[in-house]
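Shown next: coords_18.cif, given as mmCIF, C-alpha atoms.
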data_work
#
loop_
_atom_site.group_PDB
_atom_site.id
_atom_site.type_symbol
_atom_site.label_atom_id
_atom_site.label_comp_id
_atom_site.auth_asym_id
_atom_site.auth_seq_id
_atom_site.Cartn_x
_atom_site.Cartn_y
_atom_site.Cartn_z
ATOM 1 C CA MET A 154 0.000 0.000 0.000
ATOM 2 C CA PRO A 155 2.563 2.622 -1.053
ATOM 3 C CA ILE A 156 1.320 6.178 -0.995
ATOM 4 C CA SER A 157 2.013 9.068 -3.355
ATOM 5 C CA PRO A 158 4.223 12.033 -2.388
ATOM 6 C CA ASN A 159 1.186 14.327 -2.570
ATOM 7 C CA GLU A 160 -0.811 12.121 -0.249
ATOM 8 C CA ALA A 161 2.160 11.903 2.137
ATOM 9 C CA ALA A 162 2.543 15.696 2.171
ATOM 10 C CA GLN A 163 -1.181 16.173 2.730
ATOM 11 C CA THR A 164 -1.180 13.633 5.564
ATOM 12 C CA LEU A 165 1.811 15.334 7.214
ATOM 13 C CA HIS A 166 -0.057 18.638 7.009
ATOM 14 C CA GLU A 167 -3.140 17.092 8.674
ATOM 15 C CA ILE A 168 -0.977 15.538 11.399
ATOM 16 C CA SER A 169 0.647 18.879 12.084
ATOM 17 C CA ALA A 170 -2.735 20.657 12.311
ATOM 18 C CA THR A 171 -4.188 18.029 14.669
ATOM 19 C CA GLU A 172 -1.075 18.041 16.865
ATOM 20 C CA ARG A 173 -1.211 21.835 17.158
ATOM 21 C CA ALA A 174 -4.931 21.799 18.006
ATOM 22 C CA SER A 175 -4.375 19.100 20.627
ATOM 23 C CA ALA A 176 -1.377 20.870 22.160
ATOM 24 C CA ASN A 177 -3.392 24.083 22.413
ATOM 25 C CA ALA A 178 -6.403 22.309 23.925
ATOM 26 C CA HIS A 179 -4.081 20.748 26.512
ATOM 27 C CA ARG A 180 -2.429 24.103 27.221
ATOM 28 C CA TYR A 181 -5.802 25.863 27.557
ATOM 29 C CA ALA A 182 -7.118 23.162 29.891
ATOM 30 C CA ARG A 183 -4.072 23.642 32.122
ATOM 31 C CA ALA A 184 -4.230 27.462 32.044
ATOM 32 C CA ALA A 185 -7.997 27.750 32.653
ATOM 33 C CA PRO A 186 -8.076 27.020 36.414
ATOM 34 C CA HIS A 187 -5.195 29.461 36.993
ATOM 35 C CA LEU A 188 -7.118 32.222 35.200
ATOM 36 C CA ILE A 189 -10.273 31.501 37.199
ATOM 37 C CA LEU A 190 -8.308 31.511 40.472
ATOM 38 C CA TRP A 191 -6.517 34.796 39.689
ATOM 39 C CA GLY A 192 -9.742 36.313 38.374
ATOM 40 C CA ALA A 193 -11.290 35.660 41.797
ATOM 41 C CA VAL A 194 -8.187 37.110 43.505
ATOM 42 C CA TRP A 195 -8.402 40.253 41.374
ATOM 43 C CA LEU A 196 -12.127 40.575 41.927
ATOM 44 C CA LEU A 197 -11.645 40.488 45.705
ATOM 45 C CA GLY A 198 -8.420 42.534 45.783
ATOM 46 C CA TYR A 199 -9.501 45.356 43.500
ATOM 47 C CA GLY A 200 -13.042 45.213 44.907
ATOM 48 C CA ALA A 201 -11.746 45.648 48.467
ATOM 49 C CA GLY A 202 -9.505 48.528 47.343
ATOM 50 C CA TYR A 203 -12.465 50.255 45.707
ATOM 51 C CA LEU A 204 -14.651 49.923 48.803
ATOM 52 C CA ASP A 205 -11.984 51.275 51.157
ATOM 53 C CA ALA A 206 -8.406 52.281 50.297
ATOM 54 C CA ARG A 207 -7.244 50.833 53.642
ATOM 55 C CA LEU A 208 -8.393 47.416 52.488
ATOM 56 C CA THR A 209 -5.638 47.277 49.876
ATOM 57 C CA VAL A 210 -3.663 45.318 52.515
ATOM 58 C CA ALA A 211 -5.991 42.458 51.566
ATOM 59 C CA TRP A 212 -3.720 42.037 48.541
ATOM 60 C CA ILE A 213 -1.037 40.445 50.733
ATOM 61 C CA PRO A 214 -3.053 37.396 51.849
ATOM 62 C CA LEU A 215 -4.812 37.254 48.484
ATOM 63 C CA ALA A 216 -1.510 37.171 46.576
ATOM 64 C CA ILE A 217 -0.249 34.411 48.890
ATOM 65 C CA ILE A 218 -3.473 32.424 48.365
ATOM 66 C CA GLY A 219 -3.136 32.917 44.603
ATOM 67 C CA ALA A 220 0.513 31.844 44.523
ATOM 68 C CA VAL A 221 -0.038 28.763 46.701
ATOM 69 C CA GLY A 222 -3.204 27.885 44.769
ATOM 70 C CA SER A 223 -1.374 28.179 41.461
ATOM 71 C CA GLY A 224 1.399 25.952 42.792
ATOM 72 C CA ARG A 225 -1.119 23.302 43.826
ATOM 73 C CA LEU A 226 -2.967 23.535 40.510
ATOM 74 C CA GLY A 227 0.326 23.198 38.672
ATOM 75 C CA ARG A 228 1.108 20.029 40.608
ATOM 76 C CA ARG A 229 -2.335 18.596 39.901
ATOM 77 C CA THR A 230 -2.523 19.415 36.202
ATOM 78 C CA GLY A 231 1.163 19.079 35.292
ATOM 79 C CA SER A 232 2.607 16.059 33.541
ATOM 80 C CA PRO A 233 4.195 13.331 35.712
ATOM 81 C CA GLY A 234 7.665 14.580 34.775
ATOM 82 C CA GLN A 235 6.785 18.098 35.867
ATOM 83 C CA ARG A 236 5.160 17.179 39.172
ATOM 84 C CA GLY A 237 7.144 17.663 42.337
ATOM 85 C CA GLY A 238 8.902 20.670 40.841
ATOM 86 C CA TRP A 239 8.651 22.812 43.998
ATOM 87 C CA PRO A 240 12.326 23.890 43.842
ATOM 88 C CA ARG A 241 11.741 25.184 40.312
ATOM 89 C CA SER A 242 8.503 26.935 41.354
ATOM 90 C CA ILE A 243 10.228 28.577 44.314
ATOM 91 C CA ALA A 244 13.173 29.611 42.120
ATOM 92 C CA THR A 245 10.723 31.148 39.628
ATOM 93 C CA ALA A 246 8.911 33.038 42.401
ATOM 94 C CA VAL A 247 12.248 34.329 43.767
ATOM 95 C CA ALA A 248 13.328 35.427 40.257
ATOM 96 C CA ILE A 249 10.040 37.317 39.791
ATOM 97 C CA LEU A 250 10.356 38.974 43.217
ATOM 98 C CA VAL A 251 13.952 40.039 42.519
ATOM 99 C CA ALA A 252 13.001 41.413 39.079
ATOM 100 C CA LEU A 253 10.028 43.327 40.515
ATOM 101 C CA SER A 254 12.114 44.694 43.396
ATOM 102 C CA ALA A 255 14.771 45.873 40.954
ATOM 103 C CA LEU A 256 12.129 47.397 38.691
ATOM 104 C CA PHE A 257 10.392 49.297 41.477
ATOM 105 C CA ALA A 258 13.751 50.404 42.918
ATOM 106 C CA VAL A 259 14.577 51.966 39.560
ATOM 107 C CA LEU A 260 11.120 53.374 38.780
ATOM 108 C CA GLY A 261 10.457 54.652 42.269
ATOM 109 C CA PRO A 262 7.382 53.868 44.362
ATOM 110 C CA LEU A 263 4.201 53.394 42.370
ATOM 111 C CA ALA A 264 0.813 53.855 43.992
ATOM 112 C CA GLY A 265 -2.891 53.929 43.228
ATOM 113 C CA PRO A 266 -3.990 53.200 39.675
ATOM 114 C CA ARG A 267 -0.381 53.033 38.446
ATOM 115 C CA ILE A 268 0.493 50.012 40.570
ATOM 116 C CA GLY A 269 -3.017 48.673 39.926
ATOM 117 C CA ALA A 270 -2.392 48.802 36.175
ATOM 118 C CA PHE A 271 1.172 47.482 36.270
ATOM 119 C CA PHE A 272 0.406 43.829 37.097
ATOM 120 C CA PRO A 273 -2.518 43.362 34.677
ATOM 121 C CA ILE A 274 -0.432 44.856 31.849
ATOM 122 C CA ALA A 275 2.472 42.548 32.778
ATOM 123 C CA ALA A 276 0.090 39.553 32.862
ATOM 124 C CA GLY A 277 -1.449 40.570 29.521
ATOM 125 C CA PHE A 278 2.011 40.878 27.996
ATOM 126 C CA GLY A 279 2.895 37.403 29.334
ATOM 127 C CA TYR A 280 -0.238 35.796 27.854
ATOM 128 C CA THR A 281 0.363 37.506 24.515
ATOM 129 C CA VAL A 282 3.977 36.341 24.311
ATOM 130 C CA ILE A 283 3.023 32.766 25.255
ATOM 131 C CA GLY A 284 0.253 32.852 22.649
ATOM 132 C CA ILE A 285 2.574 34.100 19.910
ATOM 133 C CA ARG A 286 5.315 31.594 20.744
ATOM 134 C CA GLU A 287 2.934 28.633 21.035
ATOM 135 C CA ARG A 288 0.582 29.732 18.218
ATOM 136 C CA ALA A 289 -2.233 29.682 20.765
ATOM 137 C CA THR A 290 -4.766 32.187 19.409
ATOM 138 C CA ARG A 291 -6.961 32.303 22.504
ATOM 139 C CA MET A 292 -3.998 33.251 24.702
ATOM 140 C CA ILE A 293 -3.194 36.132 22.335
ATOM 141 C CA VAL A 294 -6.813 37.307 22.421
ATOM 142 C CA LEU A 295 -6.828 37.182 26.240
ATOM 143 C CA GLY A 296 -3.485 38.965 26.539
ATOM 144 C CA VAL A 297 -4.375 41.759 24.130
ATOM 145 C CA ALA A 298 -7.866 42.200 25.632
ATOM 146 C CA LEU A 299 -6.483 42.332 29.181
ATOM 147 C CA THR A 300 -3.852 44.927 28.265
ATOM 148 C CA ALA A 301 -6.260 47.042 26.205
ATOM 149 C CA LEU A 302 -8.993 47.017 28.864
ATOM 150 C CA THR A 303 -6.515 47.899 31.607
ATOM 151 C CA VAL A 304 -5.159 50.874 29.638
ATOM 152 C CA LEU A 305 -8.698 51.917 28.724
ATOM 153 C CA GLY A 306 -9.804 51.887 32.362
ATOM 154 C CA PHE A 307 -6.655 53.678 33.502
ATOM 155 C CA PHE A 308 -7.240 56.658 31.194
ATOM 156 C CA TRP A 309 -11.014 56.616 30.841
ATOM 157 C CA VAL A 310 -12.226 56.088 34.425
ATOM 158 C CA PRO A 311 -9.202 56.753 36.691
ATOM 159 C CA GLN A 312 -11.432 57.533 39.682
ATOM 160 C CA TYR A 313 -13.163 54.152 39.338
ATOM 161 C CA PHE A 314 -10.109 52.225 38.192
ATOM 162 C CA ALA A 315 -10.170 49.711 41.103
ATOM 163 C CA LEU A 316 -13.842 48.975 40.436
ATOM 164 C CA TRP A 317 -13.096 48.716 36.706
ATOM 165 C CA MET A 318 -10.312 46.199 37.337
ATOM 166 C CA ALA A 319 -12.428 44.214 39.805
ATOM 167 C CA VAL A 320 -15.247 43.836 37.299
ATOM 168 C CA VAL A 321 -13.517 43.949 33.910
ATOM 169 C CA GLY A 322 -10.190 42.414 35.000
ATOM 170 C CA GLY A 323 -11.396 39.938 37.644
ATOM 171 C CA VAL A 324 -14.596 38.814 35.980
ATOM 172 C CA GLY A 325 -12.846 39.009 32.601
ATOM 173 C CA LEU A 326 -10.173 36.571 33.747
ATOM 174 C CA ILE A 327 -12.791 34.205 35.160
ATOM 175 C CA LEU A 328 -14.738 34.304 31.886
ATOM 176 C CA GLY A 329 -11.452 33.889 29.982
ATOM 177 C CA GLY A 330 -10.713 30.747 32.004
ATOM 178 C CA VAL A 331 -14.186 29.384 31.268
ATOM 179 C CA TRP A 332 -13.695 30.214 27.567
ATOM 180 C CA LEU A 333 -10.411 28.283 27.478
ATOM 181 C CA ARG A 334 -12.118 25.237 28.952
ATOM 182 C CA THR A 335 -14.674 25.147 26.149
ATOM 183 C CA LEU A 336 -12.129 23.931 23.583
ATOM 184 C CA MET B 83 9.449 0.832 6.812
ATOM 185 C CA GLU B 84 8.506 0.155 3.205
ATOM 186 C CA GLN B 85 4.773 0.354 3.807
ATOM 187 C CA PRO B 86 2.896 2.720 6.104
ATOM 188 C CA ASP B 87 1.435 1.175 9.247
ATOM 189 C CA ALA B 88 -2.089 0.269 8.071
ATOM 190 C CA LEU B 89 -3.469 0.638 11.594
ATOM 191 C CA ILE B 90 -2.374 4.256 11.808
ATOM 192 C CA HIS B 91 -2.968 5.102 8.146
ATOM 193 C CA GLN B 92 -6.765 5.011 8.570
ATOM 194 C CA PRO B 93 -7.860 8.733 8.740
ATOM 195 C CA THR B 94 -9.709 8.664 12.077
ATOM 196 C CA ARG B 95 -7.042 6.571 13.802
ATOM 197 C CA LEU B 96 -4.385 8.853 12.360
ATOM 198 C CA LYS B 97 -6.127 11.852 13.940
ATOM 199 C CA ILE B 98 -6.429 10.020 17.264
ATOM 200 C CA MET B 99 -2.708 9.272 17.274
ATOM 201 C CA ALA B 100 -1.835 12.837 16.209
ATOM 202 C CA ALA B 101 -4.048 14.260 18.968
ATOM 203 C CA LEU B 102 -2.422 12.056 21.627
ATOM 204 C CA LYS B 103 1.161 12.643 20.453
ATOM 205 C CA PRO B 104 1.713 16.200 21.870
ATOM 206 C CA LEU B 105 0.589 15.206 25.372
ATOM 207 C CA PRO B 106 3.418 14.682 27.844
ATOM 208 C CA ASP B 107 4.375 11.044 28.406
ATOM 209 C CA GLY B 108 1.609 9.153 30.148
ATOM 210 C CA GLN B 109 -0.736 12.165 30.295
ATOM 211 C CA PRO B 110 -4.260 11.108 29.300
ATOM 212 C CA ILE B 111 -6.889 13.022 27.365
ATOM 213 C CA GLU B 112 -10.596 12.746 28.054
ATOM 214 C CA PHE B 113 -12.706 10.981 25.450
ATOM 215 C CA VAL B 114 -15.000 14.007 25.131
ATOM 216 C CA ARG B 115 -12.072 16.338 24.387
ATOM 217 C CA LEU B 116 -10.605 13.825 21.935
ATOM 218 C CA LYS B 117 -13.953 13.626 20.169
ATOM 219 C CA GLY B 118 -13.863 17.386 19.610
ATOM 220 C CA LEU B 119 -10.342 17.238 18.218
ATOM 221 C CA VAL B 120 -10.962 14.274 15.933
ATOM 222 C CA GLY B 121 -14.455 15.279 14.846
ATOM 223 C CA ALA B 122 -15.947 11.786 15.041
ATOM 224 C CA THR B 123 -19.129 10.370 16.545
ATOM 225 C CA ASP B 124 -19.020 8.532 19.886
ATOM 226 C CA GLY B 125 -19.496 5.113 18.289
ATOM 227 C CA ASN B 126 -16.993 5.643 15.497
ATOM 228 C CA LEU B 127 -14.354 7.057 17.830
ATOM 229 C CA GLY B 128 -14.936 4.285 20.380
ATOM 230 C CA ALA B 129 -14.471 1.575 17.749
ATOM 231 C CA HIS B 130 -11.209 3.069 16.469
ATOM 232 C CA CYS B 131 -9.905 3.576 19.999
ATOM 233 C CA THR B 132 -10.572 -0.084 20.740
ATOM 234 C CA THR B 133 -8.649 -1.092 17.596
ATOM 235 C CA LEU B 134 -5.692 1.009 18.701
ATOM 236 C CA GLU B 135 -5.913 -0.378 22.237
ATOM 237 C CA GLU B 136 -5.891 -3.955 20.924
ATOM 238 C CA ALA B 137 -2.750 -3.103 18.943
ATOM 239 C CA GLY B 138 -1.165 -1.805 22.145
ATOM 240 C CA TYR B 139 -0.896 1.729 20.744
ATOM 241 C CA VAL B 140 -3.171 3.444 23.262
ATOM 242 C CA ALA B 141 -4.159 2.789 26.855
ATOM 243 C CA ILE B 142 -7.782 3.348 27.876
ATOM 244 C CA GLU B 143 -8.712 4.081 31.497
ATOM 245 C CA LYS B 144 -12.300 4.141 32.693
ATOM 246 C CA ASP B 145 -13.350 5.537 36.065
ATOM 247 C CA PHE B 146 -16.030 7.620 37.746
ATOM 248 C CA VAL B 147 -15.821 11.288 38.701
ATOM 249 C CA ASP B 148 -18.712 12.647 40.774
ATOM 250 C CA LYS B 149 -20.603 9.438 39.912
ATOM 251 C CA LYS B 150 -20.242 10.165 36.195
ATOM 252 C CA PRO B 151 -18.335 7.742 33.972
ATOM 253 C CA ARG B 152 -15.106 9.087 32.508
ATOM 254 C CA THR B 153 -12.967 7.556 29.763
ATOM 255 C CA ARG B 154 -9.419 8.730 29.216
ATOM 256 C CA LEU B 155 -6.842 7.702 26.647
ATOM 257 C CA SER B 156 -3.093 7.993 26.466
ATOM 258 C CA LEU B 157 -0.432 6.965 23.995
ATOM 259 C CA THR B 158 1.677 3.964 24.996
ATOM 260 C CA ARG B 159 5.410 3.803 24.308
ATOM 261 C CA LYS B 160 4.731 1.284 21.571
ATOM 262 C CA GLY B 161 2.142 3.619 20.052
ATOM 263 C CA ARG B 162 4.444 6.641 20.241
ATOM 264 C CA ARG B 163 7.213 4.711 18.510
ATOM 265 C CA ALA B 164 4.826 3.408 15.836
ATOM 266 C CA PHE B 165 3.513 6.898 15.182
ATOM 267 C CA GLU B 166 7.015 8.338 14.943
ATOM 268 C CA ASP B 167 7.934 5.583 12.475
ATOM 269 C CA TYR B 168 4.814 6.374 10.471
ATOM 270 C CA VAL B 169 5.663 10.093 10.314
ATOM 271 C CA SER B 170 9.259 9.228 9.321
ATOM 272 C CA TYR B 171 7.883 7.061 6.531
ATOM 273 C CA LEU B 172 5.761 9.957 5.221
ATOM 274 C CA ARG B 173 8.701 12.365 5.410
ATOM 275 C CA GLY B 174 10.793 9.815 3.533
ATOM 276 C CA VAL B 175 8.243 9.639 0.723
ATOM 277 C CA VAL B 176 8.106 13.439 0.447
ATOM 278 C CA ASP B 177 11.924 13.816 0.617
ATOM 279 C CA LEU B 178 12.455 11.140 -2.016
ATOM 280 C CA HIS B 179 10.052 12.911 -4.356
ATOM 281 C CA SER B 180 11.661 16.327 -3.803
ATOM 282 C CA LYS B 181 15.152 14.941 -4.560
ATOM 283 C CA LYS B 182 14.039 13.618 -7.953
#

When written as structure tokens, how does the structure in this file appear?
Amino acid sequence: MPISPNEAAQTLHEISATERASANAHRYARAAPHLILWGAVWLLGYGAGYLDARLTVAWIPLAIIGAVGSGRLGRRTGSPGQRGGWPRSIATAVAILVALSALFAVLGPLAGPRIGAFFPIAAGFGYTVIGIRERATRMIVLGVALTALTVLGFFWVPQYFALWMAVVGGVGLILGGVWLRTL
Amino acid sequence: MEQPDALIHQPTRLKIMAALKPLPDGQPIEFVRLKGLVGATDGNLGAHCTTLEEAGYVAIEKDFVDKKPRTRLSLTRKGRRAFEDYVSYLRGVVDLHSKK
């Protein structure tokens, strides 16, 4: 049952398309619970900050809950070879903390909407880059939408920025996570 | 390999193997998700999965989650090797043609 070069090329193309779709579906399924978790964290964190500026301290426990939750989700949804990678997770967290500390040391203290916009824009940039590198269209859409909506809220409704981020950012991330699970 | 693996060469089974290939070693995919990727009916997909399982190319696990039945599939080492051989065969055919 020899096959023609054209048929072989066509079959290779179909294999490549199916592999990419499967890899993306797997990636989306892994990313979805993280987005839902961080959407809830943002909803509570920004929501608390909008209700009372003194409640912004709620970000500290919320960020810890988010980080620990993400670590646990990563262990549950990761491949067997990736499980048990706590040293790598801790090293990544330390690298992020060092980079952020260096960045804020150089930029000077940020407060209010500026610091509120910094992390969503950084997250949006991260999703976009992952999406471009992995040819994962939905990640690109999420990253661009998150960045655009954050910038829009920052300039359009600065006085309600925390509320904007709680609703648009937090709920948006939750809906984004649900959207990723639909594939 | 002078002939393509007839088990894998069938279009639906080829898609099943291609969908399982990118998953990390031993990581299963749910039947429902696989159905979406392959674009086959439950019965058709089930029959082809059984054929691949009998050949030792895929492993099928059945369990219950929240009292609902769940079927998951993963590629075995034998299946991964067979699929890689199949892809090498196709590349060989294309390369041979392009050299002429």

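Distance-wise, atom CA of B:Gln85 and atom CA of B:Ser170 end up 11.4 Å apart.
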
**Item:** Point-to-point distance from atom CA of B:Pro106 to atom CA of A:Ala185, Å rounded to tenths
**Value:**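 Result for atom CA of B:Pro106 versus atom CA of A:Ala185: 18.0 Å, one decimal.
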
Please report, as JSON lines, each residue of chain B lying at most 6 Å from chain A, together with the nearest pair of atoms and the separation in Å rounded to one decimal; use all atoms listed in the file, and order rows by chain and ascending residue number.
{"residue": "B:Gln85", "atom": "CA", "partner": "A:Pro155", "partner_atom": "CA", "distance": 5.8}
{"residue": "B:Ala100", "atom": "CA", "partner": "A:Glu172", "partner_atom": "CA", "distance": 5.3}
{"residue": "B:Ala101", "atom": "CA", "partner": "A:Ser175", "partner_atom": "CA", "distance": 5.1}
{"residue": "B:Pro104", "atom": "CA", "partner": "A:Ala176", "partner_atom": "CA", "distance": 5.6}
{"residue": "B:Pro106", "atom": "CA", "partner": "A:Ser232", "partner_atom": "CA", "distance": 5.9}
{"residue": "B:Leu172", "atom": "CA", "partner": "A:Ala161", "partner_atom": "CA", "distance": 5.1}
{"residue": "B:Val175", "atom": "CA", "partner": "A:Pro158", "partner_atom": "CA", "distance": 5.6}
{"residue": "B:Val176", "atom": "CA", "partner": "A:Pro158", "partner_atom": "CA", "distance": 5.0}

Take the residues from that selection and put them in a file with C-alpha atoms, as a PDB file, in the coordinates of the input.
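Below is the file selection.pdb, written as the result:
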ATOM      1  CA  GLN B  85       4.773   0.354   3.807  1.00  0.00           C
ATOM      2  CA  ALA B 100      -1.835  12.837  16.209  1.00  0.00           C
ATOM      3  CA  ALA B 101      -4.048  14.260  18.968  1.00  0.00           C
ATOM      4  CA  PRO B 104       1.713  16.200  21.870  1.00  0.00           C
ATOM      5  CA  PRO B 106       3.418  14.682  27.844  1.00  0.00           C
ATOM      6  CA  LEU B 172       5.761   9.957   5.221  1.00  0.00           C
ATOM      7  CA  VAL B 175       8.243   9.639   0.723  1.00  0.00           C
ATOM      8  CA  VAL B 176       8.106  13.439   0.447  1.00  0.00           C
TER       9      VAL B 176
END

**Item:** Given all atoms listed in the file as the counted atoms, nearest of A:Gly265, A:Gly192, A:Gly296, A:Gly329 to A:Gly279
**Value:** A:Gly296

**Message:** Rounded to one decimal, what separation in Å do you get between atom CA of B:Thr94 and atom CA of B:Ser180?
**Reply:**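 Distance between the two atoms: 27.7 Å.
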
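Using the PyMOL selection byres ((chain A and resi 195-204) around 7) on this structure selects Trp191, Gly192, Ala193, Val194, Asp205, Ala206, Leu208, Thr209, Ala211, Trp212, Leu215, Ala315, Leu316, Met318, Ala319, Val320, Gly322, Gly323 and Val324 of chain A.
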
**Item:** Residue with smallest distance to A:Ala301 - pool A:Ala270, A:Gly284, A:Gly219, A:Leu256, counting all atoms listed in the file
**Value:**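 Smallest distance to A:Ala301 is found for A:Ala270.
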
Report as JSON the centre and the edge lengths, in Å to one decimal, of the axis-aligned box holding every listed atom of stretch 301-308 of chain A, padded by 6 Å on each side.
{"center_x": -7.5, "center_y": 51.8, "center_z": 29.9, "size_x": 16.6, "size_y": 21.6, "size_z": 19.3}

**Message:** Nearest residue to A:Gln312 out of A:Pro240, A:Pro266, A:Gly261, A:Gly325, using only C-alpha atoms?
**Reply:** A:Pro266

**Asked** Taking the file as shown, what set of residues would the PyMOL selection byres ((chain B and resi 149-153) around 12) give back, as a PyMOL selection string?
**Response** chain B and resi 110-117+124+128+131+141-148+154-156

Preceding selection exported with C-alpha atoms as a PDB file, in the frame of the given file:
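Output saved as part.pdb:
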ATOM      1  CA  PRO B 110      -4.260  11.108  29.300  1.00  0.00           C
ATOM      2  CA  ILE B 111      -6.889  13.022  27.365  1.00  0.00           C
ATOM      3  CA  GLU B 112     -10.596  12.746  28.054  1.00  0.00           C
ATOM      4  CA  PHE B 113     -12.706  10.981  25.450  1.00  0.00           C
ATOM      5  CA  VAL B 114     -15.000  14.007  25.131  1.00  0.00           C
ATOM      6  CA  ARG B 115     -12.072  16.338  24.387  1.00  0.00           C
ATOM      7  CA  LEU B 116     -10.605  13.825  21.935  1.00  0.00           C
ATOM      8  CA  LYS B 117     -13.953  13.626  20.169  1.00  0.00           C
ATOM      9  CA  ASP B 124     -19.020   8.532  19.886  1.00  0.00           C
ATOM     10  CA  GLY B 128     -14.936   4.285  20.380  1.00  0.00           C
ATOM     11  CA  CYS B 131      -9.905   3.576  19.999  1.00  0.00           C
ATOM     12  CA  ALA B 141      -4.159   2.789  26.855  1.00  0.00           C
ATOM     13  CA  ILE B 142      -7.782   3.348  27.876  1.00  0.00           C
ATOM     14  CA  GLU B 143      -8.712   4.081  31.497  1.00  0.00           C
ATOM     15  CA  LYS B 144     -12.300   4.141  32.693  1.00  0.00           C
ATOM     16  CA  ASP B 145     -13.350   5.537  36.065  1.00  0.00           C
ATOM     17  CA  PHE B 146     -16.030   7.620  37.746  1.00  0.00           C
ATOM     18  CA  VAL B 147     -15.821  11.288  38.701  1.00  0.00           C
ATOM     19  CA  ASP B 148     -18.712  12.647  40.774  1.00  0.00           C
ATOM     20  CA  ARG B 154      -9.419   8.730  29.216  1.00  0.00           C
ATOM     21  CA  LEU B 155      -6.842   7.702  26.647  1.00  0.00           C
ATOM     22  CA  SER B 156      -3.093   7.993  26.466  1.00  0.00           C
TER      23      SER B 156
END

**the PyMOL selection byres ((chain B and resi 167) around 12) resolved against shown file, as a ChimeraX atom specification** = /B:83-87,90-91,160-166,168-174

**Item:** Residues within 12 Å of (-3.1, 35.1, 22.8), file coords, all atoms listed in the file, listed as number ranges by chain
**Value:** A: 177, 180-181, 276-300, 329, 333

Using all atoms listed in the file, determine which residues lie at most 12 Å from stretch 246-251 of chain A, disregarding the query and same-chain residues fewer than 5 positions distant; provide the list as a compact mmCIF listing (two decimals) with C-alpha atoms, in the coordinates of the input.
# COMPACT_ATOMS: atom_id res chain seq x y z
CA ALA A 216 -1.51 37.17 46.58
CA ILE A 217 -0.25 34.41 48.89
CA ALA A 220 0.51 31.84 44.52
CA VAL A 221 -0.04 28.76 46.70
CA SER A 223 -1.37 28.18 41.46
CA GLY A 224 1.40 25.95 42.79
CA TRP A 239 8.65 22.81 44.00
CA PRO A 240 12.33 23.89 43.84
CA ARG A 241 11.74 25.18 40.31
CA LEU A 256 12.13 47.40 38.69
CA PHE A 257 10.39 49.30 41.48
CA ALA A 258 13.75 50.40 42.92
CA PHE A 272 0.41 43.83 37.10
CA ALA A 275 2.47 42.55 32.78
